[in-house]
Amino acid sequence: MGSERDLVSAEAEGDERLIEAALRPKRLEEFIGQARVREQLSLVLHSALRRNRPPDHVLMSGSPGLGKTTLSMIIATELGVPLRITSGPALERAGDLAAILSTLSEGEVLFIDEIHRMARPAEEMLYLAMEDFRVDIVVGKGPGATAIPLEIAPFTLVGATTRAGLLPAPLRDRFGFVAHMDFYEAEELEQVLQRSSRLLGLELPGDAAREIAGRSRGTPRIANRLLRRVRDFAEVRAEGVITKDVAAAALNLYEVDAQGLDRLDRAVLGVLLRRFGGGPVGLSTLAVAVGEEPETVEVVAEPFLVRQGLLARTPRGRVATAAAWIHMGLTPPPDAFGASVVADLTDQDENS
Ligand SMILES: Nc1ncnc2c1ncn2[C@@H]1O[C@H](COP(=O)(O)OP(=O)(O)OP(=O)(O)O)[C@@H](O)[C@H]1O
Ligand SMILES: [Mg+2]
């Protein structure tokens, strides 16, 4: 039984990746939200086109699913140049990178996803390539080794990272433009949902879009995913008609709560509150307790929980706020983190 379910979900996953790719905006003007990044990028691209030179290297930083890969593809499309895609973990040895760099065509965009996970030797090779469009190929070993410089075609590096803080300064400094991708406003996510519905041939009333957007954690990928779950639910249980209530029922079924917390977020909070009395507790202990990698907890769950004011990162560890206790339907202890802040805010509300 288990394996049959696994197969079904794996097939669904494969299908979903294709759908996700099909939903990507292809041009800058189709890209919703991130107004500042869009304007900045548009200037960088247009001036490069005007000068007929490859634009400066671009670093995109932001949480998963905010559109970094999408925007990288758009950069190549807008410039009308080919795009080469690789990722930090794939660049284990300097040779892996040299093989790519030496075969770039003039003006090509090289996209390195998860650039913070590149191995050290490749990283050092990249410094030189970014600055001088040159790589040093080391021949031989030990004292007799020599570096043979090799010219490479001028290219544009687009790096994407969920962890800009982990990038070594020398690498970060070599990017001419850093695009900081923020979480999306609910109205922007409604637009994303309307656009995706159009492409998927779905009828999405405004209040249903609002319901889904409010649970999408400020993230277009999640908005699109929730839309597909709502569509499934509507097809099977509501004759294909999506309404606000159908959307809410579907998302409750998939354990996405009204504030957008999913199973992992609630697991993290649940463990933090019930097992560790609200903390402080270290990230790795917390991760083990929920059965996830520390990086998953740190990159996927925490930014949202912090942004929602449910969790705080302190030097002594992760701490649940008073709001977290309340959100999980528990009574916060009097000394809960942020209890006074909650009280202050309530005072302010009363005063204003
Ligand atoms: N501004 C946007 N407008 C419309 N759709 C968007 C936008 N940004 C992202 N999307 C949708 O969200 C999905 C995820 O975006 P993308 O893959 O670019 O995110 P990412 O930042 O690269 O994530 P990761 O860090 O996981 O690689 C895309 O398939 C796309 O359909
Ligand atoms: Mg990506």
# chains A, B, ... in the order shown; residues from 1 in each chain; ligands from 1
>>> select_by_dssp(residues="region 72-306 of chain A", states="alpha helix (DSSP H)", output="short mmCIF file (atom, residue, chain, number, x, y, z; two decimals) with C-alpha atoms, in the first residue's frame")
data_model
loop_
_atom_site.label_atom_id
_atom_site.label_comp_id
_atom_site.auth_asym_id
_atom_site.auth_seq_id
_atom_site.Cartn_x
_atom_site.Cartn_y
_atom_site.Cartn_z
CA SER A 72 17.65 34.41 -14.01
CA MET A 73 15.94 32.86 -17.00
CA ILE A 74 14.28 36.19 -17.71
CA ILE A 75 17.69 37.92 -17.71
CA ALA A 76 18.92 35.65 -20.51
CA THR A 77 15.68 36.04 -22.46
CA GLU A 78 15.70 39.82 -22.16
CA LEU A 79 19.32 39.96 -23.31
CA ALA A 94 37.87 23.58 -10.02
CA GLY A 95 37.91 21.43 -13.16
CA ASP A 96 34.10 21.18 -13.12
CA LEU A 97 33.88 24.95 -13.35
CA ALA A 98 36.75 25.30 -15.83
CA ALA A 99 34.95 22.92 -18.19
CA ILE A 100 31.92 25.18 -18.18
CA LEU A 101 33.72 28.53 -18.28
CA ARG A 120 36.48 26.39 -2.28
CA PRO A 121 38.81 25.72 -5.27
CA ALA A 122 35.99 26.38 -7.75
CA GLU A 123 35.14 29.55 -5.87
CA GLU A 124 38.67 30.88 -6.23
CA MET A 125 38.67 30.11 -9.92
CA LEU A 126 35.40 32.00 -10.22
CA TYR A 127 36.90 35.18 -8.70
CA LEU A 128 39.37 35.47 -11.52
CA ALA A 129 36.83 34.53 -14.16
CA MET A 130 34.39 37.17 -12.96
CA GLU A 131 36.99 39.89 -12.82
CA ASP A 132 39.33 39.25 -15.74
CA ALA A 169 33.00 38.64 1.00
CA PRO A 170 35.42 38.42 -1.96
CA LEU A 171 32.75 36.60 -3.95
CA ARG A 172 29.91 38.86 -2.86
CA ALA A 186 -0.93 39.31 -0.39
CA GLU A 187 -2.24 41.42 -3.30
CA GLU A 188 0.76 40.44 -5.41
CA LEU A 189 0.16 36.79 -4.66
CA GLU A 190 -3.47 37.24 -5.71
CA GLN A 191 -2.16 38.46 -9.06
CA VAL A 192 0.18 35.46 -9.29
CA LEU A 193 -2.79 33.19 -8.57
CA GLN A 194 -4.99 34.90 -11.15
CA ARG A 195 -2.27 34.61 -13.77
CA SER A 196 -1.70 30.92 -12.99
CA SER A 197 -5.44 30.22 -13.01
CA ARG A 198 -5.69 31.76 -16.45
CA LEU A 199 -2.85 29.55 -17.69
CA LEU A 200 -4.39 26.45 -16.08
CA GLY A 206 -11.44 37.14 -6.02
CA ASP A 207 -12.33 36.04 -2.51
CA ALA A 208 -11.01 32.53 -3.19
CA ALA A 209 -7.77 34.05 -4.49
CA ARG A 210 -7.54 36.11 -1.30
CA GLU A 211 -8.09 32.99 0.82
CA ILE A 212 -5.27 31.12 -0.94
CA ALA A 213 -2.92 34.14 -1.02
CA GLY A 214 -3.33 34.64 2.73
CA PRO A 220 4.64 32.49 -5.29
CA ARG A 221 5.75 28.85 -5.47
CA ILE A 222 3.59 28.05 -2.47
CA ALA A 223 0.67 30.06 -3.88
CA ASN A 224 0.84 28.03 -7.09
CA ARG A 225 1.11 24.77 -5.19
CA LEU A 226 -1.87 25.57 -2.98
CA LEU A 227 -3.83 26.56 -6.08
CA ARG A 228 -3.25 23.10 -7.53
CA ARG A 229 -4.40 21.44 -4.29
CA VAL A 230 -7.52 23.59 -4.33
CA ARG A 231 -8.12 22.65 -7.96
CA ASP A 232 -7.81 18.91 -7.13
CA PHE A 233 -10.22 19.27 -4.25
CA ALA A 234 -12.71 21.26 -6.33
CA GLU A 235 -12.59 18.72 -9.15
CA VAL A 236 -13.33 15.77 -6.88
CA ARG A 237 -15.61 17.32 -4.30
CA LYS A 244 -13.70 30.75 -1.00
CA ASP A 245 -15.18 27.94 1.12
CA VAL A 246 -13.89 25.23 -1.20
CA ALA A 247 -10.42 26.82 -1.04
CA ALA A 248 -10.51 26.98 2.77
CA ALA A 249 -11.73 23.39 3.09
CA ALA A 250 -9.06 22.13 0.69
CA LEU A 251 -6.26 23.93 2.49
CA ASN A 252 -7.46 22.77 5.90
CA LEU A 253 -7.37 19.23 4.56
CA ARG A 263 2.97 20.72 8.79
CA LEU A 264 6.68 21.47 9.23
CA ASP A 265 6.12 24.90 10.78
CA ARG A 266 3.59 23.50 13.19
CA ALA A 267 5.89 20.59 14.00
CA VAL A 268 8.74 23.01 14.78
CA LEU A 269 6.53 25.14 17.00
CA GLY A 270 4.88 22.10 18.58
CA VAL A 271 8.23 20.58 19.57
CA LEU A 272 9.60 23.91 20.73
CA LEU A 273 6.60 24.54 22.97
CA ARG A 274 5.68 21.10 24.21
CA LEU A 283 18.86 24.63 15.94
CA SER A 284 20.32 21.14 15.56
CA THR A 285 18.43 19.81 18.59
CA LEU A 286 15.25 21.28 17.23
CA ALA A 287 15.89 19.81 13.78
CA VAL A 288 16.54 16.32 15.16
CA ALA A 289 13.36 16.52 17.21
CA VAL A 290 11.25 17.21 14.10
CA PRO A 294 18.99 21.74 10.32
CA GLU A 295 19.23 23.56 6.98
CA THR A 296 15.62 22.69 6.15
CA GLU A 302 12.30 29.65 10.36
CA PRO A 303 12.30 32.75 8.15
CA PHE A 304 8.54 32.59 7.94
CA LEU A 305 8.06 31.87 11.64
CA VAL A 306 10.38 34.75 12.52
#
>>> residues_near_ligand(ligand="ligand 2", cutoff="9 Å", atoms="only C-alpha atoms and all ligand atoms", output="list in words")
Pro64, Gly65, Leu66, Gly67, Lys68, Thr69, Thr70, Ser72, Asp113, Glu114, Ala160 and Thr161 of chain A
>>> closest_residue(among="A:Val44, A:Val300, A:Ala90, A:Ala153", to="ligand 1", atoms="only C-alpha atoms and all ligand atoms")
A:Val300
>>> atom_distance(atom1="CA of Glu20 (chain A)", atom2="CA of Ile112 (chain A)")
19.6 Å
>>> residues_around(residues="Pro333 (chain A)", least_positions_apart="3", cutoff="9 Å", atoms="only C-alpha atoms", output="PDB file with C-alpha atoms, in the first residue's frame")
ATOM      1  CA  GLY A 277       8.914  24.648  27.154  1.00  0.00           C
ATOM      2  CA  GLY A 278       9.312  27.394  24.541  1.00  0.00           C
ATOM      3  CA  ALA A 322       4.032  34.476  23.342  1.00  0.00           C
ATOM      4  CA  TRP A 325       1.783  29.794  22.270  1.00  0.00           C
ATOM      5  CA  ALA A 336       7.220  33.828  27.540  1.00  0.00           C
ATOM      6  CA  ALA A 339       4.963  38.536  26.362  1.00  0.00           C
TER       7      ALA A 339
END
>>> select_by_dssp(residues="region 69-306 of chain A", states="strand (DSSP E or B)", output="JSON, numbers by chain")
{"A": [83, 84, 85, 86, 87, 109, 110, 111, 112, 113, 134, 135, 136, 137, 138, 139, 146, 147, 148, 149, 150, 151, 156, 157, 158, 159, 160, 161, 177, 178, 179, 180, 281]}
>>> write_last_selection(atoms="N, CA and C atoms", output="compact mmCIF listing (two decimals), in the first residue's frame")
# COMPACT_ATOMS: atom_id res chain seq x y z
N LEU A 83 21.52 30.60 -22.08
CA LEU A 83 21.62 30.46 -20.62
C LEU A 83 22.23 29.10 -20.31
N ARG A 84 23.26 29.11 -19.48
CA ARG A 84 23.86 27.85 -19.03
C ARG A 84 23.55 27.72 -17.55
N ILE A 85 23.01 26.57 -17.15
CA ILE A 85 22.59 26.41 -15.76
C ILE A 85 23.42 25.36 -15.04
N THR A 86 23.93 25.73 -13.87
CA THR A 86 24.59 24.75 -13.02
C THR A 86 24.30 25.12 -11.57
N SER A 87 24.89 24.37 -10.64
CA SER A 87 24.62 24.71 -9.24
C SER A 87 25.86 24.50 -8.39
N VAL A 109 24.79 33.91 -20.42
CA VAL A 109 24.51 34.02 -19.00
C VAL A 109 24.79 32.67 -18.34
N LEU A 110 25.65 32.70 -17.33
CA LEU A 110 25.92 31.47 -16.57
C LEU A 110 25.17 31.59 -15.24
N PHE A 111 24.23 30.69 -15.03
CA PHE A 111 23.45 30.72 -13.80
C PHE A 111 23.98 29.66 -12.84
N ILE A 112 24.43 30.09 -11.68
CA ILE A 112 24.86 29.13 -10.64
C ILE A 112 23.88 29.22 -9.48
N ASP A 113 23.05 28.20 -9.39
CA ASP A 113 22.07 28.12 -8.31
C ASP A 113 22.81 27.67 -7.04
N ARG A 134 39.17 35.21 -17.25
CA ARG A 134 40.36 34.40 -17.40
C ARG A 134 40.29 33.30 -16.35
N VAL A 135 40.80 32.11 -16.69
CA VAL A 135 40.97 31.09 -15.67
C VAL A 135 42.41 30.60 -15.71
N ASP A 136 42.91 30.19 -14.57
CA ASP A 136 44.24 29.59 -14.52
C ASP A 136 44.08 28.09 -14.43
N ILE A 137 44.52 27.40 -15.46
CA ILE A 137 44.48 25.95 -15.43
C ILE A 137 45.80 25.45 -14.85
N VAL A 138 45.69 24.74 -13.74
CA VAL A 138 46.91 24.26 -13.09
C VAL A 138 47.29 22.90 -13.68
N VAL A 139 48.51 22.84 -14.15
CA VAL A 139 49.02 21.60 -14.73
C VAL A 139 50.11 21.05 -13.83
N THR A 146 52.37 24.27 -12.69
CA THR A 146 52.34 25.61 -13.28
C THR A 146 50.90 25.96 -13.64
N ALA A 147 50.62 27.26 -13.60
CA ALA A 147 49.29 27.73 -13.95
C ALA A 147 49.32 28.30 -15.36
N ILE A 148 48.49 27.74 -16.21
CA ILE A 148 48.42 28.25 -17.58
C ILE A 148 47.16 29.10 -17.70
N PRO A 149 47.34 30.41 -17.96
CA PRO A 149 46.16 31.26 -18.07
C PRO A 149 45.40 30.99 -19.36
N LEU A 150 44.09 31.01 -19.25
CA LEU A 150 43.25 30.74 -20.41
C LEU A 150 42.18 31.81 -20.49
N GLU A 151 42.13 32.49 -21.62
CA GLU A 151 41.10 33.53 -21.81
C GLU A 151 39.73 32.88 -21.97
N THR A 156 28.06 36.83 -18.32
CA THR A 156 27.42 37.39 -17.14
C THR A 156 27.11 36.26 -16.19
N LEU A 157 27.63 36.39 -14.99
CA LEU A 157 27.31 35.40 -13.98
C LEU A 157 26.06 35.84 -13.23
N VAL A 158 25.11 34.93 -13.12
CA VAL A 158 23.97 35.18 -12.25
C VAL A 158 24.01 34.11 -11.17
N GLY A 159 24.19 34.55 -9.94
CA GLY A 159 24.24 33.61 -8.83
C GLY A 159 22.95 33.72 -8.04
N ALA A 160 22.48 32.60 -7.53
CA ALA A 160 21.31 32.64 -6.66
C ALA A 160 21.65 31.97 -5.35
N THR A 161 21.18 32.58 -4.27
CA THR A 161 21.43 31.98 -2.96
C THR A 161 20.28 32.27 -2.00
N PHE A 177 25.63 43.87 -8.99
CA PHE A 177 24.27 44.17 -8.58
C PHE A 177 23.72 43.01 -7.75
N VAL A 178 23.23 43.33 -6.56
CA VAL A 178 22.63 42.31 -5.72
C VAL A 178 21.12 42.56 -5.65
N ALA A 179 20.37 41.60 -6.10
CA ALA A 179 18.90 41.72 -6.06
C ALA A 179 18.40 41.01 -4.81
N HIS A 180 17.86 41.80 -3.89
CA HIS A 180 17.29 41.20 -2.68
C HIS A 180 15.82 40.94 -2.91
N VAL A 281 16.38 26.68 22.60
CA VAL A 281 16.94 25.39 22.22
C VAL A 281 17.73 25.59 20.93
>>> residues_around(residues="region 50-53 of chain A", least_positions_apart="5", cutoff="9 Å", atoms="only C-alpha atoms", output="JSON, numbers by chain")
{"A": [45, 107, 154]}
>>> write_last_selection(atoms="C-alpha atoms", output="PDB file, in the first residue's frame")
ATOM      1  CA  LEU A  45      19.845  45.158 -18.633  1.00  0.00           C
ATOM      2  CA  GLY A 107      27.707  37.248 -23.665  1.00  0.00           C
ATOM      3  CA  PRO A 154      33.025  37.772 -21.499  1.00  0.00           C
TER       4      PRO A 154
END
>>> atom_distance(atom1="CA of Arg117 (chain A)", atom2="atom 18 (O, counted along the ligand's line) of ligand 1")
18.1 Å
>>> atom_distance(atom1="CA of Asp257 (chain A)", atom2="CA of Thr321 (chain A)")
18.2 Å
